[in-house]
Structures are given as structure tokens and as C-alpha cells.
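So this one's target.cif, mmCIF, C-alpha atoms and all ligand atoms:
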```cif
data_structure
loop_
_atom_site.label_atom_id
_atom_site.label_comp_id
_atom_site.auth_asym_id
_atom_site.auth_seq_id
_atom_site.Cartn_x
_atom_site.Cartn_y
_atom_site.Cartn_z
CA MET N 1 -8.87 126.98 -14.48
CA ILE N 2 -5.23 126.82 -13.33
CA GLU N 3 -4.00 129.93 -11.57
CA LEU N 4 -0.68 130.81 -9.94
CA GLN N 5 -0.28 134.02 -7.95
CA LYS N 6 3.11 135.13 -6.59
CA VAL N 7 4.34 131.54 -6.39
CA LYS N 8 7.89 130.92 -5.17
CA LYS N 9 9.82 127.75 -4.47
CA CYS N 10 13.02 128.10 -2.47
CA TYR N 11 15.59 125.58 -1.35
CA GLY N 12 17.49 127.21 1.47
CA GLU N 13 18.64 130.62 0.25
CA ARG N 14 18.04 129.76 -3.38
CA THR N 15 14.82 130.62 -5.24
CA VAL N 16 14.38 128.10 -8.07
CA LEU N 17 10.90 129.21 -9.16
CA ASP N 18 9.40 132.70 -8.99
CA ILE N 19 6.14 133.18 -10.90
CA GLU N 20 4.31 136.46 -10.41
CA SER N 21 1.17 135.37 -12.22
CA LEU N 22 0.16 132.57 -14.58
CA HIS N 23 -3.25 131.55 -15.86
CA ILE N 24 -3.83 128.43 -17.98
CA GLY N 25 -7.31 128.23 -19.47
CA ALA N 26 -9.48 125.10 -19.52
CA GLY N 27 -8.68 122.89 -22.50
CA GLU N 28 -5.33 124.49 -23.29
CA ILE N 29 -2.29 122.42 -24.22
CA ALA N 30 0.63 124.40 -22.83
CA ALA N 31 4.31 123.58 -23.24
CA PHE N 32 6.97 124.77 -20.79
CA ALA N 33 10.49 125.02 -22.16
CA GLY N 34 13.77 126.29 -20.74
CA ALA N 35 17.32 125.21 -20.03
CA ASN N 36 18.23 122.44 -17.56
CA GLY N 37 17.53 123.68 -14.06
CA SER N 38 15.17 126.46 -15.17
CA GLY N 39 12.36 125.17 -12.93
CA LYS N 40 10.12 123.12 -15.26
CA THR N 41 9.98 120.00 -13.08
CA THR N 42 9.64 122.13 -9.95
CA LEU N 43 6.60 123.81 -11.48
CA LEU N 44 4.93 120.48 -12.30
CA ARG N 45 5.78 119.10 -8.84
CA LEU N 46 4.06 122.08 -7.25
CA LEU N 47 1.04 121.76 -9.54
CA SER N 48 0.77 118.02 -8.86
CA GLY N 49 0.96 118.56 -5.11
CA VAL N 50 4.07 116.39 -4.75
CA GLU N 51 5.76 119.48 -3.31
CA LYS N 52 4.48 122.61 -1.58
CA ALA N 53 5.21 126.15 -2.74
CA SER N 54 7.30 128.25 -0.34
CA GLU N 55 5.02 131.23 -1.01
CA GLY N 56 1.97 132.13 -3.08
CA LYS N 57 -1.27 130.60 -4.16
CA ILE N 58 -1.98 127.80 -6.64
CA THR N 59 -5.51 127.03 -7.81
CA ILE N 60 -5.93 123.78 -9.75
CA PRO N 61 -8.69 121.15 -10.08
CA ALA N 62 -8.28 118.06 -7.90
CA GLU N 63 -8.44 115.48 -10.70
CA ILE N 64 -4.82 115.45 -11.85
CA LEU N 65 -2.72 112.83 -13.59
CA TYR N 66 1.03 113.38 -13.37
CA MET N 67 3.80 111.73 -15.37
CA PRO N 68 7.12 112.43 -13.67
CA GLN N 69 10.34 112.99 -15.60
CA GLN N 70 11.70 109.59 -14.46
CA CYS N 71 9.42 106.90 -15.86
CA TYR N 72 8.90 103.62 -14.11
CA ALA N 73 7.21 100.27 -14.70
CA PHE N 74 5.55 97.85 -12.33
CA ARG N 75 6.27 94.12 -12.32
CA GLY N 76 4.30 92.19 -14.94
CA ASN N 77 3.52 92.63 -18.61
CA LEU N 78 2.49 95.82 -20.41
CA ILE N 79 -1.26 95.16 -20.14
CA LYS N 80 -0.97 94.66 -16.37
CA ASN N 81 1.05 97.85 -16.15
CA ILE N 82 -1.88 99.74 -17.63
CA THR N 83 -4.84 98.01 -16.02
CA LEU N 84 -3.01 97.63 -12.67
CA GLY N 85 -5.07 94.51 -12.11
CA SER N 86 -8.54 96.04 -12.35
CA GLY N 87 -8.78 98.20 -15.48
CA ASP N 88 -10.31 97.51 -18.88
CA LYS N 89 -8.04 95.16 -20.87
CA ALA N 90 -9.54 96.06 -24.26
CA ALA N 91 -8.99 99.77 -23.55
CA ALA N 92 -5.40 99.00 -22.53
CA MET N 93 -4.86 97.19 -25.83
CA ARG N 94 -6.26 100.16 -27.79
CA LEU N 95 -3.78 102.46 -26.06
CA LEU N 96 -0.90 100.06 -26.72
CA GLU N 97 -1.91 99.99 -30.38
CA ALA N 98 -2.07 103.77 -30.57
CA LEU N 99 1.43 104.02 -29.09
CA GLU N 100 2.69 101.16 -31.34
CA LEU N 101 3.42 98.84 -28.41
CA SER N 102 0.80 96.16 -29.03
CA ALA N 103 3.36 93.62 -30.29
CA LEU N 104 4.97 93.82 -26.84
CA ALA N 105 1.70 93.65 -24.86
CA GLU N 106 2.48 90.30 -23.15
CA LYS N 107 6.17 91.01 -22.57
CA PRO N 108 7.49 91.98 -19.13
CA ALA N 109 7.66 95.74 -18.78
CA SER N 110 11.17 95.36 -17.35
CA SER N 111 12.38 94.38 -20.85
CA LEU N 112 11.35 97.64 -22.53
CA SER N 113 13.73 100.15 -24.07
CA GLY N 114 13.78 103.70 -22.72
CA GLY N 115 11.49 105.09 -25.44
CA GLU N 116 9.10 102.14 -25.10
CA LEU N 117 8.97 102.55 -21.32
CA GLN N 118 8.13 106.22 -21.71
CA ARG N 119 5.25 105.39 -24.08
CA LEU N 120 4.01 102.71 -21.65
CA ALA N 121 4.03 105.24 -18.79
CA LEU N 122 1.87 107.50 -20.93
CA CYS N 123 -0.55 104.63 -21.71
CA ARG N 124 -0.92 104.03 -17.95
CA LEU N 125 -1.97 107.64 -17.47
CA LEU N 126 -4.25 107.85 -20.50
CA ALA N 127 -6.24 104.81 -19.35
CA ARG N 128 -7.61 107.03 -16.57
CA GLU N 129 -9.74 110.16 -16.46
CA CYS N 130 -8.64 113.58 -15.30
CA LYS N 131 -9.20 117.32 -15.64
CA VAL N 132 -5.49 118.14 -15.79
CA LEU N 133 -2.70 116.14 -17.39
CA LEU N 134 0.81 117.05 -16.20
CA LEU N 135 3.56 115.55 -18.36
CA ASP N 136 7.21 116.10 -17.51
CA GLU N 137 9.21 115.69 -20.72
CA PRO N 138 6.96 112.92 -22.07
CA THR N 139 9.06 112.51 -25.23
CA SER N 140 12.60 112.91 -23.89
CA ALA N 141 13.48 109.27 -24.68
CA CYS N 142 11.45 109.04 -27.91
CA ASP N 143 12.61 109.08 -31.52
CA ALA N 144 10.78 111.25 -34.08
CA ARG N 145 8.06 108.63 -34.61
CA GLY N 146 7.60 108.16 -30.86
CA GLU N 147 7.29 111.90 -30.37
CA GLN N 148 4.61 112.03 -33.06
CA LEU N 149 2.67 109.11 -31.48
CA VAL N 150 2.83 110.66 -28.01
CA MET N 151 1.57 114.03 -29.20
CA GLN N 152 -1.21 112.41 -31.25
CA ALA N 153 -2.35 110.35 -28.23
CA VAL N 154 -2.22 113.38 -25.93
CA ARG N 155 -4.26 115.47 -28.37
CA GLU N 156 -6.88 112.72 -28.76
CA TYR N 157 -7.13 112.31 -24.98
CA GLN N 158 -7.45 116.08 -24.53
CA LYS N 159 -10.32 116.20 -27.04
CA ALA N 160 -12.10 113.18 -25.57
CA HIS N 161 -11.88 114.42 -21.95
CA SER N 162 -11.79 118.19 -22.54
CA CYS N 163 -8.91 118.36 -20.11
CA THR N 164 -6.06 120.83 -19.75
CA VAL N 165 -2.55 119.64 -20.57
CA LEU N 166 0.70 121.06 -19.23
CA MET N 167 3.91 119.52 -20.49
CA THR N 168 7.55 120.34 -20.25
CA THR N 169 9.81 119.80 -23.21
CA HIS N 170 13.22 120.33 -24.79
CA SER N 171 11.76 119.49 -28.20
CA PRO N 172 11.55 122.36 -30.69
CA VAL N 173 8.99 120.33 -32.68
CA ILE N 174 6.60 120.08 -29.71
CA ALA N 175 7.17 123.71 -28.81
CA ALA N 176 6.51 124.89 -32.35
CA GLN N 177 3.74 122.57 -33.49
CA GLY N 178 2.35 120.41 -30.71
CA CYS N 179 0.83 122.96 -28.37
CA ASP N 180 -1.52 125.93 -28.18
CA ARG N 181 0.79 127.88 -25.93
CA LEU N 182 4.50 128.10 -25.20
CA VAL N 183 5.94 129.38 -21.92
CA ILE N 184 9.71 129.78 -21.64
CA LEU N 185 11.31 129.69 -18.20
CA ASN N 186 14.64 131.30 -17.40
CA SER N 187 16.11 130.63 -13.94
CA GLY N 188 12.64 130.11 -12.49
CA ASN N 189 11.05 133.17 -14.12
CA ILE N 190 8.67 133.36 -17.06
CA GLU N 191 10.70 134.90 -19.88
CA ALA N 192 8.18 134.48 -22.72
CA ASP N 193 4.56 133.34 -22.94
CA GLY N 194 2.16 133.17 -25.85
CA VAL N 195 1.08 131.42 -29.03
CA PRO N 196 4.09 129.24 -29.99
CA ARG N 197 4.52 130.83 -33.43
CA GLU N 198 4.53 134.33 -31.96
CA VAL N 199 6.93 133.42 -29.14
CA LEU N 200 9.31 131.73 -31.58
CA MET N 201 9.10 134.30 -34.39
CA HIS N 202 9.03 137.45 -32.25
CA PRO N 203 10.80 136.84 -28.93
CA GLU N 204 10.29 139.85 -26.71
CA THR N 205 13.51 139.84 -24.72
CA ALA N 206 17.16 139.52 -25.77
CA TRP N 207 17.50 136.41 -23.60
CA ALA N 208 14.47 134.72 -25.24
CA LYS N 209 15.83 135.63 -28.65
CA SER N 210 19.19 133.94 -28.01
CA PHE N 211 17.56 130.89 -26.35
CA ILE N 212 15.28 130.40 -29.36
CA ALA N 213 18.13 131.00 -31.83
CA ARG N 214 20.15 128.18 -30.19
CA TRP N 215 17.08 125.95 -30.34
CA LYS N 216 16.55 126.56 -34.06
CA ILE N 217 20.15 125.61 -34.78
CA GLU N 218 19.62 122.35 -32.89
CA CYS N 219 16.59 121.45 -35.02
N1 LIG N 301 15.17 119.07 -3.62
C1 LIG N 301 15.96 120.04 -4.09
N2 LIG N 301 16.89 120.64 -3.33
C2 LIG N 301 17.68 121.62 -3.80
N3 LIG N 301 17.63 122.09 -5.07
C3 LIG N 301 16.73 121.54 -5.88
C4 LIG N 301 15.83 120.49 -5.44
N4 LIG N 301 15.03 120.14 -6.49
C5 LIG N 301 15.41 120.92 -7.51
N5 LIG N 301 16.41 121.76 -7.16
C6 LIG N 301 17.08 122.75 -8.02
O1 LIG N 301 16.07 123.54 -8.61
C7 LIG N 301 16.45 123.91 -9.94
C8 LIG N 301 15.31 123.62 -10.87
O2 LIG N 301 15.21 122.20 -11.01
P1 LIG N 301 14.17 121.52 -11.98
O3 LIG N 301 14.26 120.06 -11.77
O4 LIG N 301 12.86 122.17 -11.79
O5 LIG N 301 14.75 121.93 -13.42
P2 LIG N 301 14.24 121.54 -14.88
O6 LIG N 301 13.93 122.82 -15.60
O7 LIG N 301 13.17 120.54 -14.77
O8 LIG N 301 15.55 120.92 -15.52
P3 LIG N 301 15.74 119.70 -16.57
O9 LIG N 301 15.60 120.28 -17.94
O10 LIG N 301 17.16 119.27 -16.30
O11 LIG N 301 14.75 118.63 -16.24
C9 LIG N 301 17.73 123.15 -10.26
O12 LIG N 301 18.83 124.03 -10.24
C10 LIG N 301 17.82 122.09 -9.17
O13 LIG N 301 19.15 121.83 -8.83
MG MG N 302 12.99 118.60 -15.34
#
```
Please render this file's structure as C-alpha cells.
Amino acid sequence: MIELQKVKKCYGERTVLDIESLHIGAGEIAAFAGANGSGKTTLLRLLSGVEKASEGKITIPAEILYMPQQCYAFRGNLIKNITLGSGDKAAAMRLLEALELSALAEKPASSLSGGELQRLALCRLLARECKVLLLDEPTSACDARGEQLVMQAVREYQKAHSCTVLMTTHSPVIAAQGCDRLVILNSGNIEADGVPREVLMHPETAWAKSFIARWKIEC
């Protein structure tokens, strides 16, 4: 369904992403974790088509929805931000309810807090159909409840549309419980890849072991 073969992204002399081979099956929810600068956003930018790979081949369906790491809102209230003038208002309200934003539905989006804005950006995406959902740190501004709501909404959407979901995260909770698969990036390379429980309990390399140990302390 999604396939990367010998994909590299370079900026000048520097290679920031170097993936020999990666296959994500249809319907999978895959999380990508790794330190700041490890290449998570770069990977999603390549998959979304916002940027081109320097080398290699990427195969991905055309129907993609992409939530960038920096969320934004349009002028107008929350409902308008979801319908963008032509969408289904009732469906927009259902999404706002699911993300616990319905009390703010008529408020200007510019007045939202960071966590609220992030949940609104997700609502805007989930009001549309796609085959692949790309979410760059969709819970980075959320509290524990927000994180739970986001993951619940993503799972429901995935079931309803049978789509594939790729998300990046720094959250140990999402990595451990929210996804079917966990891929850990280290300086642009895949360091670990598998069922989250297996990756977390039995890291294969010394680097993965120390990365995961630091993560567990943080939770
Ligand atoms: N346009 C660019 N020009 C030069 N270097 C870049 C550019 N975009 C990204 N990089 C570099 O590529 C590396 C990977 O960046 P990327 O944004 O993919 O990291 P990330 O894993 O998403 O990090 P974070 O957890 O902070 O979001 C970083 O070291 C960054 O400085
Ligand atoms: Mg990033």
C-alpha cells in the first residue's frame, strides 16, 4: 500500500533521511518516534508530496490528508473552519462534539488555546475522505484527555474509511497503546520497527534500548 525503496533526503551535504526499505500495509496505524531532528517530519513531507525525495522511490495512494506539525486556523468560527464554507454543518458539529469542542463551535478559531487548535485542525481533516492520513505530532499540544480524544477519533475514522494512518509522536502512551506498529528513527535511519509491545519490551539494538529506557523514565 505504502512503499519506500532506497529513499534519501539530503540538504546540501547532509542526509537527513535514509530509508532502505519500508512497507506500510493497508489499514495499519503506524507511529513514528525518534528524537528531535531524527527525520519524522521530513518523512511525512515526502509522503505528502510537499517535498521531493533526493533519491529513491515512494509509492503511495493519491488520496492523502496531511496535518502538518504547525497547526493553523482560518478566519471565522470553528464550524466554518471545518466546513470551509461548503461542507456538512451537522457532520462538523459531530466532530466538534467528539473532540469536546462543541461549546466553542461559534467562537472565532483565533481565540483557541494551543491544544484546542490542534483538535480543531484534526476535525478539519476528519471531515474529509482519504486513503492515507498523515498526522505530524497530532497530540503535541494536548493534555492527557486531549490525547485520548484524538486517538479515539483517529481510530474511529480509520475504521469507518478503512484508511492507513501514519503519525509521528513523542508520546510514550501513543507509541505503546495507540498504534498497531511502532517505527523508531535515529538520525534519519530506521532503528527499530515492529509491534509496539515487542519494540518497547525487546529493543534490538543498544541505541534503541537506551532511547526507550529514557522514554519510560519520562512516562
Ligand atoms: N529545509 C531544510 N533545510 C536544511 N535542513 C533541514 C530542512 N528541513 C529539515 N532539516 C533538517 O533535517 C533534520 C530532520 O528534521 P525533521 O523536521 O524531519 O525532524 P523531526 O524528527 O520531525 O524533529 P522534531 O521532533 O523536532 O519535530 C533536522 O536536523 C533539520 O534541521
Ligand atoms: Mg517534526
(request) Identify which of the residues N:Glu13, N:Asp143, N:Glu156, N:Glu116 lies closest to Ala103 of chain N, counting all atoms listed in the file when measuring atom-to-atom distances. (result) N:Glu116
(request) Return as an MDAnalysis selection string every polymer residue, whether protein, DNA or RNA, with at least one atom no more than 10 Å from an atom of ligand MG 302 (chain N); count all atoms listed in the file. (result) chainID N and resid 33:45 68:70 136:137 168:170
(message) At a cut-off of 12 Å, using only C-alpha atoms, what residues contact Arg155 of chain N? Leave out same-chain residues fewer than 5 positions from it and give the result as a ChimeraX atom specification.
(response) /N:27-30,126,133,148-150,160-166,174,177-180
(message) Quick one: residues within 10 Å of segment 14-26 of chain N, all atoms listed in the file, excluding same-chain residues fewer than 5 positions away - as a PyMOL selection string?
(response) chain N and resi 1-9+37-40+42-43+53-60+131-132+162-166+181+183+185-190+193
(message) Counting only C-alpha atoms and all ligand atoms, which residue out of N:Ile184, N:Ala62, N:Leu101, N:Ala175 sits closest to ligand LIG 301 (chain N)?
(response)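 Ranked by minimum distance to ligand LIG 301 (chain N), first place goes to N:Ile184.
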(message) Set the distance at 12 Å and use all atoms listed in the file: which residues neighbour segment 72-74 of chain N once local chain neighbours fewer than 2 positions away are removed? I'd like the list as number ranges by chain.
(response) N: 67-70, 76-85, 108-124
(message) I'd like the interatomic distance between atom CA of Ala31 of chain N and atom CA of Trp215 of chain N, to a tenth of an Å.
(response)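 If I compute the distance from atom CA of Ala31 of chain N to atom CA of Trp215 of chain N, I get 14.8 Å.
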Where's the centre, and what are the edge lengths in Å to one decimal, of a box along x, y and z enclosing all listed atoms of ligand LIG 301 (chain N) padded 4 Å per side, as lines of an AutoDock Vina configuration file?
```
center_x = 16.0
center_y = 121.3
center_z = -10.6
size_x = 14.3
size_y = 13.4
size_z = 22.6
```
(message) As an exercise, work out the distance from atom N5 of ligand LIG 301 (chain N) to atom CA of Leu46 of chain N in Å and give it to one decimal place.
(response)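 Atom CA of Leu46 of chain N lies at a distance of 12.4 Å from atom N5 of ligand LIG 301 (chain N).
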(message) Just the number, please: distance in Å from atom C5 of ligand LIG 301 (chain N) to atom CA of Glu191 of chain N, one decimal.
(response)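 Separating atom C5 of ligand LIG 301 (chain N) from atom CA of Glu191 of chain N is a distance of 19.3 Å.
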(request) Identify which of the residues N:Ala206, N:Met167, N:Cys130, N:Leu200 lies closest to ligand LIG 301 (chain N), counting only C-alpha atoms and all ligand atoms when measuring atom-to-atom distances. (result) N:Met167
(request) Mind checking which residues fall within 12 Å of Ala213 of chain N, counting all atoms listed in the file, ignoring those fewer than 5 positions away in the same chain, and posting them as a PyMOL selection string? (result) chain N and resi 172+199-203+206-208+218-219
(request) Measuring atom to atom with all atoms listed in the file, identify which of N:Glu198, N:Glu147, N:Glu97, N:Glu106 is nearest to Ile212 of chain N. (result)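 Of N:Glu198, N:Glu147, N:Glu97, N:Glu106, the one nearest Ile212 of chain N, counting all atoms listed in the file, is N:Glu198.
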(message) Considering only C-alpha atoms and all ligand atoms, can you say which of N:Leu135, N:Leu104, N:Ala92, N:Leu125 comes closest to ligand LIG 301 (chain N)?
(response)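 For ligand LIG 301 (chain N), the nearest of the candidates is N:Leu135.
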(request) Select, from N:Arg214, N:Arg94, N:Lys52, N:Lys159, the residue with the minimum atom-to-atom distance to ligand LIG 301 (chain N), counting all atoms listed in the file. (result) N:Lys52
What would segment 10-35 of chain N look like with N, CA and C atoms restored, written as an mmCIF file, in the frame of the given file?
```cif
data_model
loop_
_atom_site.group_PDB
_atom_site.id
_atom_site.type_symbol
_atom_site.label_atom_id
_atom_site.label_comp_id
_atom_site.auth_asym_id
_atom_site.auth_seq_id
_atom_site.Cartn_x
_atom_site.Cartn_y
_atom_site.Cartn_z
ATOM 1 N N CYS N 10 11.648 127.850 -2.895
ATOM 2 C CA CYS N 10 13.020 128.100 -2.470
ATOM 3 C C CYS N 10 13.583 126.836 -1.832
ATOM 4 N N TYR N 11 14.845 126.606 -2.077
ATOM 5 C CA TYR N 11 15.590 125.580 -1.350
ATOM 6 C C TYR N 11 16.678 126.321 -0.598
ATOM 7 N N GLY N 12 16.558 126.405 0.682
ATOM 8 C CA GLY N 12 17.490 127.210 1.470
ATOM 9 C C GLY N 12 17.420 128.654 1.010
ATOM 10 N N GLU N 13 18.560 129.218 0.681
ATOM 11 C CA GLU N 13 18.640 130.620 0.250
ATOM 12 C C GLU N 13 18.217 130.784 -1.220
ATOM 13 N N ARG N 14 18.192 129.673 -1.925
ATOM 14 C CA ARG N 14 18.040 129.760 -3.380
ATOM 15 C C ARG N 14 16.587 129.676 -3.828
ATOM 16 N N THR N 15 16.164 130.648 -4.656
ATOM 17 C CA THR N 15 14.820 130.620 -5.240
ATOM 18 C C THR N 15 14.921 129.962 -6.612
ATOM 19 N N VAL N 16 14.257 128.802 -6.781
ATOM 20 C CA VAL N 16 14.380 128.100 -8.070
ATOM 21 C C VAL N 16 13.159 128.333 -8.955
ATOM 22 N N LEU N 17 12.086 128.875 -8.364
ATOM 23 C CA LEU N 17 10.900 129.210 -9.160
ATOM 24 C C LEU N 17 10.271 130.474 -8.573
ATOM 25 N N ASP N 18 9.955 131.415 -9.448
ATOM 26 C CA ASP N 18 9.400 132.700 -8.990
ATOM 27 C C ASP N 18 8.422 133.175 -10.068
ATOM 28 N N ILE N 19 7.148 132.848 -9.879
ATOM 29 C CA ILE N 19 6.140 133.180 -10.900
ATOM 30 C C ILE N 19 5.161 134.192 -10.317
ATOM 31 N N GLU N 20 5.168 135.375 -10.886
ATOM 32 C CA GLU N 20 4.310 136.460 -10.410
ATOM 33 C C GLU N 20 2.837 136.104 -10.639
ATOM 34 N N SER N 21 2.557 135.677 -11.875
ATOM 35 C CA SER N 21 1.170 135.370 -12.220
ATOM 36 C C SER N 21 1.127 134.485 -13.462
ATOM 37 N N LEU N 22 0.311 133.449 -13.408
ATOM 38 C CA LEU N 22 0.160 132.570 -14.580
ATOM 39 C C LEU N 22 -1.247 132.006 -14.579
ATOM 40 N N HIS N 23 -1.906 132.107 -15.727
ATOM 41 C CA HIS N 23 -3.250 131.550 -15.860
ATOM 42 C C HIS N 23 -3.243 130.612 -17.071
ATOM 43 N N ILE N 24 -3.687 129.384 -16.866
ATOM 44 C CA ILE N 24 -3.830 128.430 -17.980
ATOM 45 C C ILE N 24 -5.321 128.132 -18.102
ATOM 46 N N GLY N 25 -5.873 128.403 -19.274
ATOM 47 C CA GLY N 25 -7.310 128.230 -19.470
ATOM 48 C C GLY N 25 -7.705 126.764 -19.638
ATOM 49 N N ALA N 26 -8.959 126.462 -19.354
ATOM 50 C CA ALA N 26 -9.480 125.100 -19.520
ATOM 51 C C ALA N 26 -9.301 124.661 -20.973
ATOM 52 N N GLY N 27 -8.817 123.449 -21.155
ATOM 53 C CA GLY N 27 -8.680 122.890 -22.500
ATOM 54 C C GLY N 27 -7.411 123.271 -23.229
ATOM 55 N N GLU N 28 -6.572 124.094 -22.615
ATOM 56 C CA GLU N 28 -5.330 124.490 -23.290
ATOM 57 C C GLU N 28 -4.307 123.349 -23.250
ATOM 58 N N ILE N 29 -3.474 123.278 -24.274
ATOM 59 C CA ILE N 29 -2.290 122.420 -24.220
ATOM 60 C C ILE N 29 -1.102 123.372 -24.176
ATOM 61 N N ALA N 30 -0.465 123.441 -23.016
ATOM 62 C CA ALA N 30 0.630 124.400 -22.830
ATOM 63 C C ALA N 30 1.951 123.674 -22.656
ATOM 64 N N ALA N 31 2.968 124.151 -23.375
ATOM 65 C CA ALA N 31 4.310 123.580 -23.240
ATOM 66 C C ALA N 31 5.179 124.541 -22.445
ATOM 67 N N PHE N 32 6.003 123.985 -21.550
ATOM 68 C CA PHE N 32 6.970 124.770 -20.790
ATOM 69 C C PHE N 32 8.360 124.342 -21.224
ATOM 70 N N ALA N 33 9.134 125.310 -21.711
ATOM 71 C CA ALA N 33 10.490 125.020 -22.160
ATOM 72 C C ALA N 33 11.465 125.855 -21.341
ATOM 73 N N GLY N 34 12.743 125.558 -21.486
ATOM 74 C CA GLY N 34 13.770 126.290 -20.740
ATOM 75 C C GLY N 34 14.946 125.377 -20.506
ATOM 76 N N ALA N 35 16.082 125.967 -20.205
ATOM 77 C CA ALA N 35 17.320 125.210 -20.030
ATOM 78 C C ALA N 35 17.206 124.247 -18.837
#
```
